[in-house]
Amino acid sequence: MMEYKVKSGSPEKQRSACLVVAVFKDQVLSPAASSINDATGRMISSLLKRGDISGECGNMLMLPQVSGIPAERVLLAGCGKANEFSIKKLLKVTDGVIRKLQQNKITEASLFLPELTIENSDIGTRIEQIVIQAGHSSYQSDSLKTDKKENKSRLQKITLFVPERSDLATGRQALLNGQAIAAGVKMARQLGDLPGNICTPTYLAEQAAEIATAFGMKIKVLNEKAMEKLSMGALLSVSRGSRQEARLIVLEHRGGSSKQAPIVLVGKGLTFDAGGISLKSSSGMDEMKYDMCGGASVLGTMLAIAEMNLPLNVVAIVPSSENLPDGDANKPGDIVTSMSGQTIEILNTDAEGRLILCDALTYAERFKPTTVIDIATLTGACVVALGAHASGLFSNDESLTEELVDAGNTSQDRVWPMPLWDEYDHQLKSNFADMANIGGSKAGAVTAACFLARYTENYNWAHLDIAGTAWLSGSKKGATGRPVRLLCEFLRSRASSA
Ligand code: BES
Ligand code: MN
Ligand code: ZN
């Protein structure tokens with residue numbers, strides 16, 4: 001656990017293992033760098049002149065020994081052109097700083113980064129973003145390794161310096177918010193990174209129960225028998241090929257008045273997607289442990305908003321199952337009846353996400369929601385369309401689309417709108433049932449969303465396809481915690497307008 005403090009004071013007077021100060025291109029110094037410069041016989045100016053640090057954004061220069069000030073070290077953090085500094089660059093610099101401090105096994109540091117002004121941002125926003133990024137950059141995915149990096153040599157304490165004493169109150173509140181969001185992101189990443197043999201539907205439900213206990217939230221976990229009573233034929237059909245029982249997790253944050261209609265978040269919690277009888281190819285199949293990242297992001301968001309005490313009613317619904325081949329598994333051509341009564345011809349058992357989601361979306365109606373947002377690693381086609389930069393956004397409501405795009409921009413966790421036109425919906429036609437569960441080879445992300453749209457006609461709804469954004473592959477393989485930041489930002493702005 002990282003410990004944070006918000007303080008004000010002069011950099012040249014601070015006792016610290018490492019002061020972190022910003023320098024810009026063209027030899028421009030931040031206020032803190034300037035103070036250190038004056039106290040050290042213009043050391044920073046001469047380093048910049050000699051070209052030892054360029055000021056390029058993300059460039060770091062560690063000065064392991066400095067005379068003239070009580071701090072042991074100074075880390076110069078390059079921030080690019082001063083007049084082009086942005087939140088995005090602040091995140092990049094913070095990432096560089098945290099990594100550099102860790103490389104150097106520095107356990108405590110004082111960051112003079114909140115003072116860096118950015119157009120349209122206040123000090124609270126900057127502190128919150130730094131804290132979220134610091135949490136991100138110090139995340140370790142070694143919980144299942146036997147030789148874990150020793151805690152003692154890890155960065156443990158960060159002090160954030162604000163320029164004025166009058167910034168302290170705002171800064172401390174922003175710190176708390178940042179820590180809450182960082183904790184939500186961390187939870188989503190940890191759950192995502194856990195393998196399918198540990199993170200099962202039952203395990204996900206246990207994690208949700210722990211959040212409920214910690215914050216006194218109401219929780220209900222439906223087992224398969226309860227789902228049968230509700231006629232959740234689509235969800236149950238996916239789970240039939242698995243020895244792990246499915247779960248439908250329902251967690252409620254009641255921060256608003258009892259009369260206020262809730263926002264419902266529905267997260268796909270497919271703990272391992274082998275594709276079922278329409279088996280996936282084996283290369284990279286391990287990454288299908290990440291098919292529960294939608295559910296994990298919903299749980300992480302619930303943790304964050306509970307910690308922030310958000311004055312809003314939010315219900316989380318996580319349908320959770322495995323999708324495996326088996327003698328009793330769904331077969332291509334099988335027709336199932338969803339909770340809504342609509343029948344579905346399963347032409348591809350690997351299009352299972354929409355099957356577990358459609359019943360959860362119908363279940364959501366009982367909360368009489370003002371808005372429902374589902375979050376799912378739904379289609380490989382969305383990865384082709386948008387890559388790892390934006391999550392796909394589909395909605396039956398224009399102002400909801402706008403709200404989510406705005407929240408994505410503010411939180412640096414972006415989404416991009418995609419269409420839900422009839423022409424695409426027609427691709428779902430089945431000769432034998434109300435619809436097929438696939439829409440052919442074209443526009444796969446859109447037809448998947450059109451499928452869900454058939455279950456969400458009774459409320460304002462948005463669908464986020466996070467197949468490209470929820471985790472990274474290759475040497476950086478790991479969950480990203482997206483879109484927890486987006487959802488927190490969206491809910492926060494809803495709370496402030498409620
Ligand atoms: N969980 C996958 C989607 C996925 C695939 C996410 C690759 C990230 C990377 C989903 O259940 C799935 O298998 N979708 C199929 C749908 C197809 C059969 C219509 C897909 O995208 O291939
Ligand atoms: Mn699948
Ligand atoms: Zn899947």
# chains A, B, ... in the order shown; residues from 1 in each chain; ligands from 1
call {"tool": "residues_around", "arguments": {"residues": "A:Arg240", "least_positions_apart": "6", "cutoff": "8 Å", "atoms": "only C-alpha atoms", "output": "short mmCIF file (atom, residue, chain, number, x, y, z; two decimals) with C-alpha atoms, in the first residue's frame"}}
result
data_model
loop_
_atom_site.label_atom_id
_atom_site.label_comp_id
_atom_site.auth_asym_id
_atom_site.auth_seq_id
_atom_site.Cartn_x
_atom_site.Cartn_y
_atom_site.Cartn_z
CA ASP A 328 -23.72 -31.18 -22.51
CA ALA A 329 -22.52 -27.87 -23.96
CA ASN A 330 -24.45 -25.64 -26.36
#
call {"tool": "residues_near_ligand", "arguments": {"ligand": "ligand 3", "cutoff": "7 Å", "atoms": "only C-alpha atoms and all ligand atoms", "output": "list in words"}}
result
Leu270, Asp273, Asp291, Asp350, Ala351, Glu352, Gly353, Thr377 and Leu378 of chain A
call {"tool": "closest_atom_pairs", "arguments": {"of": "chain A", "to": "ligand 1", "cutoff": "10 Å", "atoms": "only C-alpha atoms and all ligand atoms", "output": "JSON lines"}}
result
{"residue": "A:Lys268", "atom": "CA", "partner": "ligand 1", "partner_atom_place_in_ligand_line": "1 (N)", "distance": 9.3}
{"residue": "A:Leu270", "atom": "CA", "partner": "ligand 1", "partner_atom_place_in_ligand_line": "1 (N)", "distance": 7.8}
{"residue": "A:Thr271", "atom": "CA", "partner": "ligand 1", "partner_atom_place_in_ligand_line": "1 (N)", "distance": 9.9}
{"residue": "A:Phe272", "atom": "CA", "partner": "ligand 1", "partner_atom_place_in_ligand_line": "1 (N)", "distance": 8.6}
{"residue": "A:Asp273", "atom": "CA", "partner": "ligand 1", "partner_atom_place_in_ligand_line": "1 (N)", "distance": 6.1}
{"residue": "A:Ala274", "atom": "CA", "partner": "ligand 1", "partner_atom_place_in_ligand_line": "13 (O)", "distance": 8.1}
{"residue": "A:Gly275", "atom": "CA", "partner": "ligand 1", "partner_atom_place_in_ligand_line": "13 (O)", "distance": 5.9}
{"residue": "A:Gly276", "atom": "CA", "partner": "ligand 1", "partner_atom_place_in_ligand_line": "13 (O)", "distance": 9.4}
{"residue": "A:Ser278", "atom": "CA", "partner": "ligand 1", "partner_atom_place_in_ligand_line": "18 (C)", "distance": 8.1}
{"residue": "A:Leu279", "atom": "CA", "partner": "ligand 1", "partner_atom_place_in_ligand_line": "13 (O)", "distance": 9.2}
{"residue": "A:Lys280", "atom": "CA", "partner": "ligand 1", "partner_atom_place_in_ligand_line": "13 (O)", "distance": 7.6}
{"residue": "A:Gly284", "atom": "CA", "partner": "ligand 1", "partner_atom_place_in_ligand_line": "7 (C)", "distance": 9.3}
{"residue": "A:Met285", "atom": "CA", "partner": "ligand 1", "partner_atom_place_in_ligand_line": "7 (C)", "distance": 8.9}
{"residue": "A:Glu287", "atom": "CA", "partner": "ligand 1", "partner_atom_place_in_ligand_line": "9 (C)", "distance": 7.8}
{"residue": "A:Met288", "atom": "CA", "partner": "ligand 1", "partner_atom_place_in_ligand_line": "1 (N)", "distance": 6.5}
{"residue": "A:Lys289", "atom": "CA", "partner": "ligand 1", "partner_atom_place_in_ligand_line": "1 (N)", "distance": 9.1}
{"residue": "A:Tyr290", "atom": "CA", "partner": "ligand 1", "partner_atom_place_in_ligand_line": "8 (C)", "distance": 8.1}
{"residue": "A:Asp291", "atom": "CA", "partner": "ligand 1", "partner_atom_place_in_ligand_line": "1 (N)", "distance": 5.3}
{"residue": "A:Met292", "atom": "CA", "partner": "ligand 1", "partner_atom_place_in_ligand_line": "1 (N)", "distance": 8.6}
{"residue": "A:Cys293", "atom": "CA", "partner": "ligand 1", "partner_atom_place_in_ligand_line": "1 (N)", "distance": 9.9}
{"residue": "A:Asn323", "atom": "CA", "partner": "ligand 1", "partner_atom_place_in_ligand_line": "11 (O)", "distance": 8.5}
{"residue": "A:Leu347", "atom": "CA", "partner": "ligand 1", "partner_atom_place_in_ligand_line": "18 (C)", "distance": 8.6}
{"residue": "A:Asn348", "atom": "CA", "partner": "ligand 1", "partner_atom_place_in_ligand_line": "18 (C)", "distance": 5.6}
{"residue": "A:Thr349", "atom": "CA", "partner": "ligand 1", "partner_atom_place_in_ligand_line": "18 (C)", "distance": 7.1}
{"residue": "A:Asp350", "atom": "CA", "partner": "ligand 1", "partner_atom_place_in_ligand_line": "13 (O)", "distance": 4.5}
{"residue": "A:Ala351", "atom": "CA", "partner": "ligand 1", "partner_atom_place_in_ligand_line": "16 (C)", "distance": 4.3}
{"residue": "A:Glu352", "atom": "CA", "partner": "ligand 1", "partner_atom_place_in_ligand_line": "11 (O)", "distance": 5.3}
{"residue": "A:Gly353", "atom": "CA", "partner": "ligand 1", "partner_atom_place_in_ligand_line": "11 (O)", "distance": 5.0}
{"residue": "A:Arg354", "atom": "CA", "partner": "ligand 1", "partner_atom_place_in_ligand_line": "11 (O)", "distance": 7.9}
{"residue": "A:Leu355", "atom": "CA", "partner": "ligand 1", "partner_atom_place_in_ligand_line": "11 (O)", "distance": 9.5}
{"residue": "A:Ala376", "atom": "CA", "partner": "ligand 1", "partner_atom_place_in_ligand_line": "1 (N)", "distance": 8.2}
{"residue": "A:Thr377", "atom": "CA", "partner": "ligand 1", "partner_atom_place_in_ligand_line": "6 (C)", "distance": 4.9}
{"residue": "A:Leu378", "atom": "CA", "partner": "ligand 1", "partner_atom_place_in_ligand_line": "3 (C)", "distance": 4.5}
{"residue": "A:Thr379", "atom": "CA", "partner": "ligand 1", "partner_atom_place_in_ligand_line": "21 (O)", "distance": 3.5}
{"residue": "A:Gly380", "atom": "CA", "partner": "ligand 1", "partner_atom_place_in_ligand_line": "21 (O)", "distance": 3.6}
{"residue": "A:Ala381", "atom": "CA", "partner": "ligand 1", "partner_atom_place_in_ligand_line": "21 (O)", "distance": 5.5}
{"residue": "A:Cys382", "atom": "CA", "partner": "ligand 1", "partner_atom_place_in_ligand_line": "21 (O)", "distance": 7.8}
{"residue": "A:Val383", "atom": "CA", "partner": "ligand 1", "partner_atom_place_in_ligand_line": "9 (C)", "distance": 6.8}
{"residue": "A:Val384", "atom": "CA", "partner": "ligand 1", "partner_atom_place_in_ligand_line": "9 (C)", "distance": 9.5}
{"residue": "A:Asn437", "atom": "CA", "partner": "ligand 1", "partner_atom_place_in_ligand_line": "19 (C)", "distance": 7.6}
{"residue": "A:Ile438", "atom": "CA", "partner": "ligand 1", "partner_atom_place_in_ligand_line": "19 (C)", "distance": 5.0}
{"residue": "A:Gly439", "atom": "CA", "partner": "ligand 1", "partner_atom_place_in_ligand_line": "19 (C)", "distance": 6.9}
{"residue": "A:Gly440", "atom": "CA", "partner": "ligand 1", "partner_atom_place_in_ligand_line": "19 (C)", "distance": 7.1}
{"residue": "A:Ser441", "atom": "CA", "partner": "ligand 1", "partner_atom_place_in_ligand_line": "19 (C)", "distance": 7.5}
{"residue": "A:Lys442", "atom": "CA", "partner": "ligand 1", "partner_atom_place_in_ligand_line": "19 (C)", "distance": 9.5}
{"residue": "A:Ala443", "atom": "CA", "partner": "ligand 1", "partner_atom_place_in_ligand_line": "19 (C)", "distance": 9.6}
{"residue": "A:Gly444", "atom": "CA", "partner": "ligand 1", "partner_atom_place_in_ligand_line": "19 (C)", "distance": 6.1}
{"residue": "A:Ala445", "atom": "CA", "partner": "ligand 1", "partner_atom_place_in_ligand_line": "21 (O)", "distance": 7.6}
{"residue": "A:Thr447", "atom": "CA", "partner": "ligand 1", "partner_atom_place_in_ligand_line": "19 (C)", "distance": 8.5}
{"residue": "A:Ala448", "atom": "CA", "partner": "ligand 1", "partner_atom_place_in_ligand_line": "19 (C)", "distance": 7.4}
{"residue": "A:Asp465", "atom": "CA", "partner": "ligand 1", "partner_atom_place_in_ligand_line": "6 (C)", "distance": 8.8}
{"residue": "A:Ile466", "atom": "CA", "partner": "ligand 1", "partner_atom_place_in_ligand_line": "6 (C)", "distance": 7.9}
{"residue": "A:Ala467", "atom": "CA", "partner": "ligand 1", "partner_atom_place_in_ligand_line": "8 (C)", "distance": 4.3}
{"residue": "A:Gly468", "atom": "CA", "partner": "ligand 1", "partner_atom_place_in_ligand_line": "8 (C)", "distance": 6.3}
{"residue": "A:Thr469", "atom": "CA", "partner": "ligand 1", "partner_atom_place_in_ligand_line": "8 (C)", "distance": 9.0}
{"residue": "A:Ala470", "atom": "CA", "partner": "ligand 1", "partner_atom_place_in_ligand_line": "8 (C)", "distance": 8.6}
{"residue": "A:Trp471", "atom": "CA", "partner": "ligand 1", "partner_atom_place_in_ligand_line": "8 (C)", "distance": 8.9}
call {"tool": "residues_around", "arguments": {"residues": "A:Val6", "least_positions_apart": "3", "cutoff": "8 Å", "atoms": "only C-alpha atoms", "output": "PyMOL selection string"}}
result
chain A and resi 159-162+168+171-172+175
call {"tool": "atom_distance", "arguments": {"atom1": "atom CA of A:Ala296", "atom2": "atom CA of A:Leu324"}}
result
20.3 Å
call {"tool": "select_by_dssp", "arguments": {"residues": "stretch 46-260 of chain A", "states": "helix (DSSP H, G or I)", "output": "PyMOL selection string"}}
result
chain A and resi 46-50+82-84+87-103+123-137+151-153+165-193+201-215+224-229+233-239
call {"tool": "closest_residue", "arguments": {"among": "A:Ile335, A:Ile356, A:Ile249, A:Leu155", "to": "A:Leu236", "atoms": "only C-alpha atoms"}}
result
A:Ile356
call {"tool": "residues_around", "arguments": {"residues": "A:Leu452", "least_positions_apart": "6", "cutoff": "10 Å", "atoms": "only C-alpha atoms", "output": "list of chain:residue names"}}
result
A:Gly353, A:Arg354, A:Leu355, A:Leu357, A:Cys358, A:Asp359, A:Leu361, A:Asp374, A:Phe394, A:Asn437, A:Val446, A:Trp461, A:Ala462, A:His463
call {"tool": "write_last_selection", "arguments": {"atoms": "C-alpha atoms", "output": "JSON list (two decimals), in the first residue's frame"}}
result
[["chain", "number", "residue", "atom", "x", "y", "z"],
["A", 353, "GLY", "CA", -21.15, -13.00, -24.18],
["A", 354, "ARG", "CA", -24.40, -11.66, -25.63],
["A", 355, "LEU", "CA", -26.20, -14.77, -24.34],
["A", 357, "LEU", "CA", -25.70, -10.44, -21.06],
["A", 358, "CYS", "CA", -29.18, -10.50, -22.58],
["A", 359, "ASP", "CA", -30.68, -12.20, -19.53],
["A", 361, "LEU", "CA", -30.15, -6.89, -19.19],
["A", 374, "ASP", "CA", -23.17, -2.82, -20.01],
["A", 394, "PHE", "CA", -23.15, 1.94, -28.69],
["A", 437, "ASN", "CA", -26.65, -15.09, -32.02],
["A", 446, "VAL", "CA", -22.06, -3.70, -34.41],
["A", 461, "TRP", "CA", -28.87, 2.09, -22.51],
["A", 462, "ALA", "CA", -25.26, 2.11, -23.59],
["A", 463, "HIS", "CA", -22.96, -0.78, -24.39]]
call {"tool": "decode", "arguments": {"residues": "stretch 119-133 of chain A", "atoms": "all heavy atoms", "output": "tab-separated table (two decimals), in the first residue's frame"}}
result
chain	number	residue	atom	x	y	z
A	119	GLU	N	-4.07	24.07	-18.98
A	119	GLU	CA	-5.31	24.75	-19.37
A	119	GLU	C	-6.53	23.94	-18.96
A	119	GLU	O	-6.55	22.71	-19.15
A	119	GLU	CB	-5.32	24.94	-20.89
A	119	GLU	CG	-5.32	26.39	-21.27
A	119	GLU	CD	-5.67	26.56	-22.75
A	119	GLU	OE1	-5.80	25.55	-23.47
A	119	GLU	OE2	-5.81	27.70	-23.15
A	120	ASN	N	-7.52	24.59	-18.43
A	120	ASN	CA	-8.78	23.96	-18.05
A	120	ASN	C	-8.64	22.88	-16.97
A	120	ASN	O	-9.41	21.94	-16.94
A	120	ASN	CB	-9.49	23.31	-19.25
A	120	ASN	CG	-9.83	24.32	-20.30
A	120	ASN	OD1	-10.16	25.46	-19.98
A	120	ASN	ND2	-9.73	23.93	-21.55
A	121	SER	N	-7.62	22.97	-16.13
A	121	SER	CA	-7.56	21.99	-15.04
A	121	SER	C	-7.24	22.71	-13.75
A	121	SER	O	-6.50	23.69	-13.73
A	121	SER	CB	-6.50	20.94	-15.34
A	121	SER	OG	-5.27	21.32	-14.77
A	122	ASP	N	-7.84	22.22	-12.65
A	122	ASP	CA	-7.49	22.80	-11.36
A	122	ASP	C	-6.54	21.86	-10.64
A	122	ASP	O	-6.26	20.75	-11.09
A	122	ASP	CB	-8.76	23.07	-10.53
A	122	ASP	CG	-9.59	21.82	-10.37
A	122	ASP	OD1	-9.07	20.71	-10.61
A	122	ASP	OD2	-10.77	21.95	-10.00
A	123	ILE	N	-6.05	22.32	-9.51
A	123	ILE	CA	-5.03	21.53	-8.80
A	123	ILE	C	-5.59	20.20	-8.32
A	123	ILE	O	-4.88	19.18	-8.30
A	123	ILE	CB	-4.41	22.35	-7.66
A	123	ILE	CG1	-3.21	21.61	-7.08
A	123	ILE	CG2	-5.43	22.66	-6.57
A	123	ILE	CD1	-2.02	22.46	-6.91
A	124	GLY	N	-6.88	20.19	-7.98
A	124	GLY	CA	-7.51	18.94	-7.53
A	124	GLY	C	-7.47	17.88	-8.62
A	124	GLY	O	-7.10	16.72	-8.38
A	125	THR	N	-7.83	18.28	-9.84
A	125	THR	CA	-7.80	17.34	-10.96
A	125	THR	C	-6.40	16.79	-11.16
A	125	THR	O	-6.21	15.59	-11.39
A	125	THR	CB	-8.24	18.06	-12.26
A	125	THR	OG1	-9.48	18.71	-12.00
A	125	THR	CG2	-8.38	17.09	-13.41
A	126	ARG	N	-5.41	17.68	-11.07
A	126	ARG	CA	-4.04	17.23	-11.31
A	126	ARG	C	-3.59	16.24	-10.24
A	126	ARG	O	-2.99	15.21	-10.54
A	126	ARG	CB	-3.11	18.44	-11.40
A	126	ARG	CG	-3.28	19.09	-12.76
A	126	ARG	CD	-2.69	20.43	-13.01
A	126	ARG	NE	-2.18	21.26	-11.99
A	126	ARG	CZ	-2.64	22.51	-11.73
A	126	ARG	NH1	-3.66	22.99	-12.41
A	126	ARG	NH2	-2.08	23.24	-10.80
A	127	ILE	N	-3.92	16.54	-9.00
A	127	ILE	CA	-3.53	15.63	-7.92
A	127	ILE	C	-4.22	14.29	-8.09
A	127	ILE	O	-3.60	13.22	-7.98
A	127	ILE	CB	-3.85	16.26	-6.55
A	127	ILE	CG1	-2.84	17.38	-6.32
A	127	ILE	CG2	-3.82	15.22	-5.44
A	127	ILE	CD1	-2.84	17.97	-4.96
A	128	GLU	N	-5.50	14.33	-8.39
A	128	GLU	CA	-6.24	13.08	-8.58
A	128	GLU	C	-5.61	12.24	-9.69
A	128	GLU	O	-5.39	11.03	-9.53
A	128	GLU	CB	-7.70	13.41	-8.91
A	128	GLU	CG	-8.56	12.20	-9.06
A	128	GLU	CD	-9.99	12.59	-9.39
A	128	GLU	OE1	-10.57	13.40	-8.65
A	128	GLU	OE2	-10.52	12.08	-10.39
A	129	GLN	N	-5.29	12.88	-10.80
A	129	GLN	CA	-4.71	12.14	-11.93
A	129	GLN	C	-3.33	11.57	-11.58
A	129	GLN	O	-3.00	10.45	-11.97
A	129	GLN	CB	-4.62	13.04	-13.17
A	129	GLN	CG	-5.97	13.44	-13.75
A	129	GLN	CD	-6.66	12.30	-14.49
A	129	GLN	OE1	-6.09	11.27	-14.75
A	129	GLN	NE2	-7.94	12.49	-14.81
A	130	ILE	N	-2.54	12.34	-10.86
A	130	ILE	CA	-1.21	11.85	-10.46
A	130	ILE	C	-1.37	10.60	-9.59
A	130	ILE	O	-0.66	9.60	-9.76
A	130	ILE	CB	-0.43	12.94	-9.69
A	130	ILE	CG1	-0.06	14.09	-10.63
A	130	ILE	CG2	0.82	12.36	-9.04
A	130	ILE	CD1	0.48	15.33	-9.93
A	131	VAL	N	-2.31	10.66	-8.65
A	131	VAL	CA	-2.50	9.54	-7.72
A	131	VAL	C	-3.00	8.29	-8.46
A	131	VAL	O	-2.53	7.17	-8.21
A	131	VAL	CB	-3.46	9.94	-6.58
A	131	VAL	CG1	-3.83	8.75	-5.71
A	131	VAL	CG2	-2.82	11.03	-5.73
A	132	ILE	N	-3.92	8.50	-9.40
A	132	ILE	CA	-4.42	7.35	-10.17
A	132	ILE	C	-3.27	6.74	-10.98
A	132	ILE	O	-3.07	5.52	-11.01
A	132	ILE	CB	-5.57	7.78	-11.11
A	132	ILE	CG1	-6.78	8.24	-10.29
A	132	ILE	CG2	-5.97	6.62	-12.02
A	132	ILE	CD1	-7.89	8.87	-11.13
A	133	GLN	N	-2.49	7.61	-11.61
A	133	GLN	CA	-1.38	7.11	-12.43
A	133	GLN	C	-0.30	6.44	-11.58
A	133	GLN	O	0.25	5.40	-11.96
A	133	GLN	CB	-0.76	8.23	-13.25
A	133	GLN	CG	0.36	7.78	-14.19
A	133	GLN	CD	-0.12	6.76	-15.20
A	133	GLN	OE1	-1.10	6.98	-15.91
A	133	GLN	NE2	0.55	5.61	-15.28
